[in-house]
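Peer 1: Input protein_17.txt, format and content: compact mmCIF, N, CA and C atoms.
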```
# COMPACT_ATOMS: atom_id res chain seq x y z
N MET A 1189 77.79 63.37 115.78
CA MET A 1189 78.07 63.60 114.37
C MET A 1189 77.07 64.59 113.78
N ARG A 1190 75.83 64.44 114.20
CA ARG A 1190 74.78 65.32 113.69
C ARG A 1190 75.02 66.76 114.12
N PHE A 1191 75.47 66.95 115.38
CA PHE A 1191 75.75 68.30 115.88
C PHE A 1191 76.95 68.91 115.17
N ALA A 1192 77.92 68.08 114.88
CA ALA A 1192 79.10 68.57 114.16
C ALA A 1192 78.71 69.07 112.77
N ARG A 1193 77.90 68.31 112.08
CA ARG A 1193 77.45 68.70 110.74
C ARG A 1193 76.62 69.99 110.81
N LEU A 1194 75.75 70.08 111.81
CA LEU A 1194 74.94 71.28 111.99
C LEU A 1194 75.84 72.49 112.28
N GLY A 1195 76.86 72.28 113.11
CA GLY A 1195 77.81 73.35 113.43
C GLY A 1195 78.55 73.84 112.18
N VAL A 1196 78.98 72.90 111.36
CA VAL A 1196 79.67 73.25 110.11
C VAL A 1196 78.73 74.02 109.19
N LEU A 1197 77.50 73.59 109.08
CA LEU A 1197 76.53 74.28 108.23
C LEU A 1197 76.25 75.70 108.73
N ILE A 1198 76.17 75.86 110.03
CA ILE A 1198 75.94 77.19 110.60
C ILE A 1198 77.14 78.09 110.33
N LEU A 1199 78.35 77.58 110.52
CA LEU A 1199 79.56 78.36 110.23
C LEU A 1199 79.64 78.74 108.76
N LEU A 1200 79.31 77.81 107.90
CA LEU A 1200 79.32 78.08 106.46
C LEU A 1200 78.29 79.15 106.10
N ALA A 1201 77.10 79.06 106.69
CA ALA A 1201 76.06 80.06 106.44
C ALA A 1201 76.51 81.44 106.93
N LEU A 1202 77.14 81.49 108.10
CA LEU A 1202 77.64 82.77 108.62
C LEU A 1202 78.72 83.35 107.71
N PHE A 1203 79.61 82.48 107.23
CA PHE A 1203 80.65 82.94 106.32
C PHE A 1203 80.04 83.54 105.05
N VAL A 1204 79.04 82.90 104.50
CA VAL A 1204 78.37 83.43 103.30
C VAL A 1204 77.67 84.74 103.63
N LEU A 1205 77.00 84.81 104.75
CA LEU A 1205 76.27 86.03 105.12
C LEU A 1205 77.20 87.23 105.32
N ILE A 1206 78.36 87.02 105.95
CA ILE A 1206 79.23 88.17 106.19
C ILE A 1206 79.84 88.71 104.89
N GLN A 1207 79.75 87.95 103.81
CA GLN A 1207 80.25 88.46 102.53
C GLN A 1207 79.40 89.64 102.04
N PHE A 1208 78.20 89.77 102.57
CA PHE A 1208 77.31 90.86 102.17
C PHE A 1208 77.48 92.12 103.01
N VAL A 1209 78.32 92.06 104.03
CA VAL A 1209 78.61 93.26 104.82
C VAL A 1209 79.49 94.16 103.95
N PRO A 1210 79.07 95.41 103.71
CA PRO A 1210 79.79 96.26 102.76
C PRO A 1210 81.14 96.79 103.26
N TYR A 1211 81.41 96.73 104.54
CA TYR A 1211 82.67 97.26 105.08
C TYR A 1211 83.86 96.50 104.49
N GLY A 1212 84.90 97.24 104.14
CA GLY A 1212 86.13 96.62 103.69
C GLY A 1212 86.21 96.39 102.20
N ARG A 1213 85.26 96.90 101.45
CA ARG A 1213 85.23 96.65 100.01
C ARG A 1213 85.55 97.89 99.18
N ASP A 1214 85.75 99.01 99.84
CA ASP A 1214 86.05 100.25 99.12
C ASP A 1214 87.55 100.30 98.82
N HIS A 1215 87.93 99.65 97.76
CA HIS A 1215 89.34 99.54 97.40
C HIS A 1215 89.73 100.65 96.44
N THR A 1216 89.66 101.85 96.92
CA THR A 1216 90.01 102.98 96.07
C THR A 1216 91.45 103.39 96.34
N ASN A 1217 92.04 103.94 95.33
CA ASN A 1217 93.36 104.53 95.45
C ASN A 1217 93.24 105.97 94.97
N PRO A 1218 93.12 106.91 95.92
CA PRO A 1218 93.04 108.31 95.52
C PRO A 1218 94.27 108.72 94.72
N PRO A 1219 94.21 109.84 94.05
CA PRO A 1219 95.37 110.28 93.26
C PRO A 1219 96.59 110.57 94.15
N VAL A 1220 97.75 110.40 93.55
CA VAL A 1220 99.00 110.75 94.24
C VAL A 1220 99.15 112.26 94.14
N LEU A 1221 99.23 112.94 95.28
CA LEU A 1221 99.33 114.40 95.30
C LEU A 1221 100.76 114.88 95.40
N SER A 1222 101.55 114.22 96.24
CA SER A 1222 102.96 114.58 96.39
C SER A 1222 103.68 113.42 97.05
N GLU A 1223 104.95 113.28 96.74
CA GLU A 1223 105.78 112.26 97.37
C GLU A 1223 106.96 112.95 98.02
N PRO A 1224 107.67 112.24 98.89
CA PRO A 1224 108.87 112.84 99.49
C PRO A 1224 109.89 113.18 98.40
N ALA A 1225 110.81 114.03 98.73
CA ALA A 1225 111.93 114.31 97.83
C ALA A 1225 112.92 113.17 98.02
N TRP A 1226 112.69 112.08 97.30
CA TRP A 1226 113.51 110.89 97.46
C TRP A 1226 114.97 111.23 97.19
N ASP A 1227 115.85 110.75 98.02
CA ASP A 1227 117.28 110.99 97.81
C ASP A 1227 117.83 110.08 96.72
N SER A 1228 117.12 108.95 96.46
CA SER A 1228 117.56 108.02 95.42
C SER A 1228 116.41 107.11 95.04
N ALA A 1229 116.56 106.48 93.90
CA ALA A 1229 115.56 105.50 93.47
C ALA A 1229 115.52 104.31 94.44
N ARG A 1230 116.66 104.01 95.04
CA ARG A 1230 116.74 102.89 96.00
C ARG A 1230 115.87 103.15 97.23
N THR A 1231 115.88 104.37 97.73
CA THR A 1231 115.06 104.69 98.90
C THR A 1231 113.58 104.50 98.56
N ARG A 1232 113.17 104.98 97.40
CA ARG A 1232 111.77 104.82 96.98
C ARG A 1232 111.44 103.35 96.82
N GLU A 1233 112.35 102.59 96.22
CA GLU A 1233 112.14 101.15 96.03
C GLU A 1233 111.92 100.44 97.36
N LEU A 1234 112.70 100.78 98.37
CA LEU A 1234 112.53 100.18 99.70
C LEU A 1234 111.18 100.55 100.30
N ALA A 1235 110.78 101.81 100.15
CA ALA A 1235 109.48 102.26 100.66
C ALA A 1235 108.35 101.55 99.94
N VAL A 1236 108.46 101.41 98.63
CA VAL A 1236 107.43 100.71 97.87
C VAL A 1236 107.31 99.27 98.35
N THR A 1237 108.44 98.62 98.51
CA THR A 1237 108.46 97.21 98.91
C THR A 1237 107.87 96.99 100.30
N ALA A 1238 108.22 97.83 101.24
CA ALA A 1238 107.85 97.58 102.63
C ALA A 1238 106.66 98.40 103.14
N CYS A 1239 106.35 99.51 102.47
CA CYS A 1239 105.41 100.46 103.08
C CYS A 1239 104.20 100.84 102.23
N PHE A 1240 104.34 100.86 100.92
CA PHE A 1240 103.33 101.50 100.08
C PHE A 1240 101.94 100.87 100.13
N ASP A 1241 101.83 99.57 100.38
CA ASP A 1241 100.49 98.97 100.39
C ASP A 1241 99.59 99.58 101.46
N CYS A 1242 100.16 100.00 102.57
CA CYS A 1242 99.36 100.60 103.64
C CYS A 1242 99.59 102.09 103.81
N HIS A 1243 100.67 102.60 103.27
CA HIS A 1243 101.04 103.99 103.51
C HIS A 1243 101.16 104.81 102.23
N SER A 1244 100.31 104.51 101.26
CA SER A 1244 100.28 105.32 100.04
C SER A 1244 98.92 105.17 99.38
N ASN A 1245 98.71 105.95 98.35
CA ASN A 1245 97.49 105.82 97.56
C ASN A 1245 97.71 104.89 96.37
N GLU A 1246 98.73 104.06 96.47
CA GLU A 1246 99.06 103.11 95.41
C GLU A 1246 98.98 101.68 95.94
N THR A 1247 97.99 101.43 96.77
CA THR A 1247 97.80 100.12 97.38
C THR A 1247 97.50 99.06 96.32
N ILE A 1248 98.15 97.94 96.45
CA ILE A 1248 97.81 96.78 95.63
C ILE A 1248 96.90 95.92 96.50
N TRP A 1249 95.65 95.81 96.09
CA TRP A 1249 94.65 95.08 96.88
C TRP A 1249 94.67 93.61 96.45
N PRO A 1250 95.17 92.70 97.30
CA PRO A 1250 95.22 91.28 96.94
C PRO A 1250 93.83 90.65 96.92
N TRP A 1251 93.73 89.48 96.34
CA TRP A 1251 92.43 88.81 96.20
C TRP A 1251 91.74 88.63 97.54
N TYR A 1252 92.48 88.31 98.58
CA TYR A 1252 91.86 88.05 99.88
C TYR A 1252 91.30 89.31 100.53
N SER A 1253 91.62 90.47 99.97
CA SER A 1253 91.06 91.71 100.51
C SER A 1253 89.59 91.86 100.09
N ASN A 1254 89.09 90.89 99.35
CA ASN A 1254 87.67 90.86 98.96
C ASN A 1254 86.87 89.82 99.72
N VAL A 1255 87.52 89.13 100.65
CA VAL A 1255 86.86 88.04 101.38
C VAL A 1255 86.76 88.40 102.86
N ALA A 1256 85.52 88.60 103.32
CA ALA A 1256 85.30 88.89 104.74
C ALA A 1256 85.56 87.62 105.55
N PRO A 1257 86.07 87.74 106.73
CA PRO A 1257 86.37 88.92 107.52
C PRO A 1257 87.78 89.47 107.27
N ILE A 1258 88.59 88.80 106.46
CA ILE A 1258 89.95 89.28 106.19
C ILE A 1258 89.91 90.67 105.56
N SER A 1259 88.94 90.89 104.68
CA SER A 1259 88.83 92.20 104.01
C SER A 1259 88.65 93.33 105.02
N TRP A 1260 87.99 93.06 106.11
CA TRP A 1260 87.78 94.09 107.13
C TRP A 1260 89.10 94.52 107.73
N LEU A 1261 89.96 93.56 108.04
CA LEU A 1261 91.26 93.86 108.64
C LEU A 1261 92.17 94.59 107.64
N VAL A 1262 92.20 94.10 106.41
CA VAL A 1262 93.05 94.73 105.38
C VAL A 1262 92.63 96.18 105.17
N TYR A 1263 91.35 96.41 105.04
CA TYR A 1263 90.82 97.75 104.82
C TYR A 1263 91.15 98.67 106.00
N LYS A 1264 90.88 98.18 107.22
CA LYS A 1264 91.14 98.97 108.44
C LYS A 1264 92.61 99.34 108.53
N ASP A 1265 93.49 98.36 108.32
CA ASP A 1265 94.93 98.62 108.41
C ASP A 1265 95.38 99.62 107.35
N THR A 1266 94.84 99.53 106.15
CA THR A 1266 95.22 100.44 105.07
C THR A 1266 94.75 101.86 105.36
N ILE A 1267 93.51 102.01 105.77
CA ILE A 1267 92.98 103.34 106.07
C ILE A 1267 93.75 103.97 107.23
N GLU A 1268 93.99 103.21 108.29
CA GLU A 1268 94.75 103.73 109.42
C GLU A 1268 96.19 104.04 109.03
N GLY A 1269 96.77 103.19 108.18
CA GLY A 1269 98.13 103.44 107.71
C GLY A 1269 98.23 104.73 106.93
N ARG A 1270 97.27 104.97 106.05
CA ARG A 1270 97.26 106.21 105.27
C ARG A 1270 97.09 107.43 106.16
N GLU A 1271 96.29 107.29 107.22
CA GLU A 1271 96.09 108.42 108.13
C GLU A 1271 97.35 108.72 108.93
N THR A 1272 98.12 107.71 109.25
CA THR A 1272 99.33 107.88 110.05
C THR A 1272 100.48 108.44 109.22
N LEU A 1273 100.65 107.91 108.01
CA LEU A 1273 101.73 108.33 107.12
C LEU A 1273 101.32 107.95 105.71
N ASN A 1274 101.28 108.93 104.82
CA ASN A 1274 100.89 108.65 103.44
C ASN A 1274 101.94 109.24 102.51
N TYR A 1275 102.72 108.36 101.90
CA TYR A 1275 103.77 108.78 100.96
C TYR A 1275 103.19 109.49 99.74
N SER A 1276 101.91 109.28 99.46
CA SER A 1276 101.27 109.91 98.29
C SER A 1276 100.69 111.27 98.60
N GLU A 1277 100.72 111.67 99.85
CA GLU A 1277 100.23 112.98 100.27
C GLU A 1277 101.26 113.59 101.23
N TRP A 1278 102.51 113.45 100.87
CA TRP A 1278 103.63 113.81 101.73
C TRP A 1278 103.60 115.27 102.16
N ALA A 1279 103.26 116.16 101.25
CA ALA A 1279 103.28 117.60 101.55
C ALA A 1279 102.31 117.97 102.67
N SER A 1280 101.25 117.19 102.83
CA SER A 1280 100.27 117.50 103.88
C SER A 1280 100.28 116.46 104.99
N CYS A 1281 101.39 115.77 105.14
CA CYS A 1281 101.50 114.71 106.15
C CYS A 1281 101.33 115.30 107.55
N LYS A 1282 100.38 114.74 108.31
CA LYS A 1282 100.09 115.24 109.65
C LYS A 1282 100.12 114.14 110.70
N GLY A 1283 100.15 112.88 110.30
CA GLY A 1283 100.10 111.77 111.26
C GLY A 1283 101.39 111.62 112.04
N GLU A 1284 101.34 110.77 113.06
CA GLU A 1284 102.53 110.56 113.90
C GLU A 1284 103.67 109.95 113.11
N GLY A 1285 103.36 109.24 112.01
CA GLY A 1285 104.39 108.65 111.18
C GLY A 1285 105.21 109.68 110.42
N CYS A 1286 104.74 110.91 110.38
CA CYS A 1286 105.46 111.99 109.69
C CYS A 1286 106.60 112.52 110.54
N ASP A 1287 106.59 112.23 111.81
CA ASP A 1287 107.65 112.65 112.72
C ASP A 1287 108.83 111.69 112.52
N PRO A 1288 109.96 112.21 112.05
CA PRO A 1288 111.11 111.33 111.77
C PRO A 1288 111.49 110.43 112.95
N ALA A 1289 111.45 110.93 114.17
CA ALA A 1289 111.82 110.13 115.33
C ALA A 1289 110.85 108.96 115.53
N GLU A 1290 109.56 109.24 115.39
CA GLU A 1290 108.54 108.19 115.53
C GLU A 1290 108.69 107.14 114.44
N ALA A 1291 108.89 107.60 113.20
CA ALA A 1291 109.03 106.67 112.08
C ALA A 1291 110.27 105.80 112.25
N ARG A 1292 111.38 106.41 112.62
CA ARG A 1292 112.63 105.65 112.86
C ARG A 1292 112.39 104.54 113.89
N GLU A 1293 111.78 104.92 114.99
CA GLU A 1293 111.53 103.98 116.07
C GLU A 1293 110.63 102.83 115.61
N SER A 1294 109.57 103.15 114.88
CA SER A 1294 108.64 102.12 114.39
C SER A 1294 109.34 101.13 113.47
N ILE A 1295 110.20 101.64 112.61
CA ILE A 1295 110.91 100.78 111.66
C ILE A 1295 111.96 99.94 112.38
N LEU A 1296 112.78 100.59 113.19
CA LEU A 1296 113.88 99.88 113.87
C LEU A 1296 113.40 98.88 114.90
N ASP A 1297 112.27 99.17 115.56
CA ASP A 1297 111.74 98.26 116.57
C ASP A 1297 110.95 97.10 115.96
N GLY A 1298 110.81 97.09 114.64
CA GLY A 1298 110.08 96.01 113.98
C GLY A 1298 108.58 96.14 114.07
N GLU A 1299 108.09 97.33 114.47
CA GLU A 1299 106.64 97.56 114.52
C GLU A 1299 106.08 97.72 113.12
N MET A 1300 106.91 98.19 112.21
CA MET A 1300 106.53 98.39 110.82
C MET A 1300 107.52 97.66 109.94
N PRO A 1301 107.04 97.00 108.92
CA PRO A 1301 105.63 96.71 108.66
C PRO A 1301 105.03 95.81 109.75
N LEU A 1302 103.71 95.87 109.84
CA LEU A 1302 103.03 95.08 110.85
C LEU A 1302 103.38 93.60 110.71
N PRO A 1303 103.64 92.93 111.82
CA PRO A 1303 103.97 91.50 111.74
C PRO A 1303 102.92 90.65 111.01
N ILE A 1304 101.65 91.03 111.10
CA ILE A 1304 100.59 90.28 110.43
C ILE A 1304 100.67 90.41 108.90
N TYR A 1305 101.35 91.44 108.42
CA TYR A 1305 101.50 91.70 106.99
C TYR A 1305 102.59 90.81 106.37
N LEU A 1306 103.59 90.47 107.14
CA LEU A 1306 104.77 89.79 106.61
C LEU A 1306 104.55 88.37 106.07
N PRO A 1307 103.69 87.54 106.65
CA PRO A 1307 103.53 86.19 106.07
C PRO A 1307 103.05 86.19 104.61
N THR A 1308 102.23 87.16 104.25
CA THR A 1308 101.75 87.21 102.87
C THR A 1308 102.59 88.15 102.00
N HIS A 1309 103.50 88.88 102.61
CA HIS A 1309 104.38 89.81 101.89
C HIS A 1309 105.80 89.70 102.46
N PRO A 1310 106.45 88.56 102.33
CA PRO A 1310 107.77 88.38 102.95
C PRO A 1310 108.83 89.36 102.43
N GLU A 1311 108.64 89.86 101.22
CA GLU A 1311 109.60 90.82 100.67
C GLU A 1311 109.60 92.13 101.45
N ALA A 1312 108.56 92.39 102.22
CA ALA A 1312 108.48 93.62 103.01
C ALA A 1312 109.32 93.54 104.28
N GLY A 1313 109.79 92.36 104.62
CA GLY A 1313 110.64 92.21 105.80
C GLY A 1313 112.06 92.63 105.48
N LEU A 1314 112.33 93.90 105.63
CA LEU A 1314 113.64 94.43 105.29
C LEU A 1314 114.71 93.98 106.29
N SER A 1315 115.92 93.84 105.78
CA SER A 1315 117.05 93.53 106.66
C SER A 1315 117.37 94.78 107.48
N ASP A 1316 118.20 94.63 108.49
CA ASP A 1316 118.59 95.78 109.31
C ASP A 1316 119.29 96.84 108.46
N VAL A 1317 120.11 96.40 107.52
CA VAL A 1317 120.81 97.33 106.63
C VAL A 1317 119.80 98.08 105.76
N GLU A 1318 118.82 97.36 105.21
CA GLU A 1318 117.80 98.01 104.37
C GLU A 1318 116.94 98.98 105.18
N LYS A 1319 116.62 98.60 106.41
CA LYS A 1319 115.85 99.51 107.27
C LYS A 1319 116.63 100.81 107.48
N GLN A 1320 117.90 100.70 107.76
CA GLN A 1320 118.71 101.89 107.98
C GLN A 1320 118.83 102.71 106.71
N GLU A 1321 118.94 102.03 105.55
CA GLU A 1321 118.98 102.72 104.26
C GLU A 1321 117.70 103.54 104.05
N LEU A 1322 116.57 102.92 104.35
CA LEU A 1322 115.29 103.60 104.18
C LEU A 1322 115.20 104.82 105.08
N ILE A 1323 115.54 104.65 106.33
CA ILE A 1323 115.49 105.76 107.29
C ILE A 1323 116.43 106.88 106.87
N ASP A 1324 117.66 106.53 106.56
CA ASP A 1324 118.64 107.55 106.17
C ASP A 1324 118.20 108.27 104.90
N GLY A 1325 117.73 107.52 103.93
CA GLY A 1325 117.33 108.12 102.66
C GLY A 1325 116.10 108.98 102.76
N LEU A 1326 115.17 108.57 103.61
CA LEU A 1326 113.91 109.31 103.72
C LEU A 1326 114.04 110.53 104.60
N PHE A 1327 114.70 110.40 105.73
CA PHE A 1327 114.71 111.49 106.70
C PHE A 1327 115.98 112.32 106.70
N ASN A 1328 116.95 111.92 105.91
CA ASN A 1328 118.15 112.75 105.80
C ASN A 1328 118.29 113.33 104.41
N SER A 1329 117.22 113.19 103.62
CA SER A 1329 117.27 113.74 102.26
C SER A 1329 117.01 115.25 102.32
N PRO A 1330 117.37 115.96 101.25
CA PRO A 1330 117.23 117.43 101.25
C PRO A 1330 115.79 117.88 101.38
```
Re-express the file's structure as structure tokens.
Peer 2:
Amino acid sequence: MRFARLGVLILLALFVLIQFVPYGRDHTNPPVLSEPAWDSARTRELAVTACFDCHSNETIWPWYSNVAPISWLVYKDTIEGRETLNYSEWASCKGEGCDPAEARESILDGEMPLPIYLPTHPEAGLSDVEKQELIDGLFNSP
């Protein structure tokens, strides 16, 4: 019993200490520079619902994004997501997500949104019809 209590105290102390690690706390949203030429408001709505938290400069940072170690994962996924495909910097998109074939495959194969994102954002789990709507609207627009 004594070892169990000591173990809990050590874990609690470690949890408190990691809160002082500065990584994962830079919750900035740079300005929106350009967006795709949306074919409809519906296409943008689908992208906002399923993609914008990690793939735009309009991230909504939830409360748990301030609690380490979860904050580290949220921050890493958001920064990597923006580097891969950023709807807010569409004109200068250079990541692999900018390639229509790659993006289609990621969406249709269920790689995007990330499975770890869906439990806290179930609305991002688009139906097959919605996925196809998003792909058609985004990559077949003028």
Peer 1: Mind giving me the straight-line distance from atom C of Arg1190 (chain A) to atom C of Gln1207 (chain A) in Å, one decimal?
Peer 2: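 Atom C of Gln1207 (chain A) lies 26.2 Å from atom C of Arg1190 (chain A).
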Peer 1: Between A:Ala1289, A:Ala1279, A:Leu1302, A:Val1236, which one has atoms that come closest to Leu1221 (chain A), using all atoms listed in the file?
Peer 2: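 Answer, going by the shortest atom-to-atom distance: A:Ala1279.
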Peer 1: Neighbours of His1243 (chain A) within 8 Å (only N, CA and C atoms; same-chain residues fewer than 5 positions away dropped), as a list in words?
Peer 2: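 Using only N, CA and C atoms, the neighbours found are Ala1238, Asp1265, Thr1266, Ile1267, Glu1268, Gly1269, Arg1270, Glu1271, Thr1272, Leu1273, Asn1274, Tyr1275, Ser1276 and Glu1277 of chain A.
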Peer 1: Rank nothing, just name the residue among A:Leu1326, A:Val1255, A:Cys1239, A:Ile1198 nearest to Leu1306 (chain A), using only C-alpha atoms.
Peer 2: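 Residue with the minimum atom-to-atom distance to Leu1306 (chain A): A:Cys1239.
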Peer 1: Contacts of Met1300 (chain A) at 8 Å or less, counting all atoms listed in the file, minus same-chain residues fewer than 6 places along, as a list in words?
Peer 2: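 The contact residues come out as Ala1238, Cys1239, Glu1293, Ser1294, Ala1312, Gly1313 and Leu1314 of chain A.
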Peer 1: For the atom pair atom N of Asp1214 (chain A) and atom C of Tyr1305 (chain A), what is the interatomic distance in Å to one decimal place?
Peer 2: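 Atom-to-atom, atom N of Asp1214 (chain A) and atom C of Tyr1305 (chain A) are spaced 19.8 Å apart.
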Peer 1: Skipping near chain neighbours, those fewer than 6 positions away, what residues fall within 8 Å of region 1317-1323 of chain A using only C-alpha atoms, listed as JSON, numbers by chain?
Peer 2: {"A": [1231, 1234, 1235, 1292, 1295, 1296]}
Peer 1: Pull N, CA and C atoms for region 1281-1300 of chain A from the block and write them as a compact mmCIF listing (two decimals), in the first residue's frame.
Peer 2:
```
# COMPACT_ATOMS: atom_id res chain seq x y z
N CYS A 1281 0.42 26.59 -51.41
CA CYS A 1281 0.40 25.21 -50.92
C CYS A 1281 1.49 24.39 -51.60
N LYS A 1282 2.35 23.76 -50.79
CA LYS A 1282 3.46 22.98 -51.31
C LYS A 1282 3.50 21.57 -50.76
N GLY A 1283 2.73 21.27 -49.72
CA GLY A 1283 2.78 19.95 -49.09
C GLY A 1283 2.16 18.87 -49.95
N GLU A 1284 2.34 17.62 -49.52
CA GLU A 1284 1.80 16.49 -50.28
C GLU A 1284 0.28 16.52 -50.31
N GLY A 1285 -0.35 17.18 -49.33
CA GLY A 1285 -1.80 17.28 -49.30
C GLY A 1285 -2.35 18.18 -50.39
N CYS A 1286 -1.49 18.95 -51.03
CA CYS A 1286 -1.92 19.84 -52.12
C CYS A 1286 -2.11 19.08 -53.42
N ASP A 1287 -1.57 17.89 -53.50
CA ASP A 1287 -1.72 17.04 -54.68
C ASP A 1287 -3.11 16.41 -54.62
N PRO A 1288 -3.97 16.73 -55.58
CA PRO A 1288 -5.34 16.21 -55.54
C PRO A 1288 -5.41 14.69 -55.38
N ALA A 1289 -4.54 13.94 -56.03
CA ALA A 1289 -4.57 12.48 -55.93
C ALA A 1289 -4.25 12.01 -54.51
N GLU A 1290 -3.24 12.63 -53.90
CA GLU A 1290 -2.86 12.30 -52.52
C GLU A 1290 -3.99 12.63 -51.56
N ALA A 1291 -4.57 13.83 -51.72
CA ALA A 1291 -5.65 14.25 -50.83
C ALA A 1291 -6.86 13.34 -50.96
N ARG A 1292 -7.23 13.02 -52.19
CA ARG A 1292 -8.36 12.10 -52.42
C ARG A 1292 -8.14 10.77 -51.69
N GLU A 1293 -6.96 10.22 -51.88
CA GLU A 1293 -6.63 8.94 -51.27
C GLU A 1293 -6.69 9.01 -49.74
N SER A 1294 -6.13 10.07 -49.16
CA SER A 1294 -6.14 10.23 -47.70
C SER A 1294 -7.55 10.31 -47.16
N ILE A 1295 -8.41 11.03 -47.85
CA ILE A 1295 -9.80 11.19 -47.40
C ILE A 1295 -10.57 9.89 -47.57
N LEU A 1296 -10.49 9.30 -48.76
CA LEU A 1296 -11.27 8.09 -49.05
C LEU A 1296 -10.81 6.88 -48.25
N ASP A 1297 -9.52 6.80 -47.95
CA ASP A 1297 -8.99 5.67 -47.18
C ASP A 1297 -9.22 5.82 -45.68
N GLY A 1298 -9.79 6.95 -45.26
CA GLY A 1298 -10.06 7.17 -43.85
C GLY A 1298 -8.83 7.58 -43.05
N GLU A 1299 -7.75 7.97 -43.76
CA GLU A 1299 -6.55 8.45 -43.07
C GLU A 1299 -6.77 9.85 -42.51
N MET A 1300 -7.66 10.59 -43.15
CA MET A 1300 -8.00 11.95 -42.73
C MET A 1300 -9.50 12.04 -42.56
```
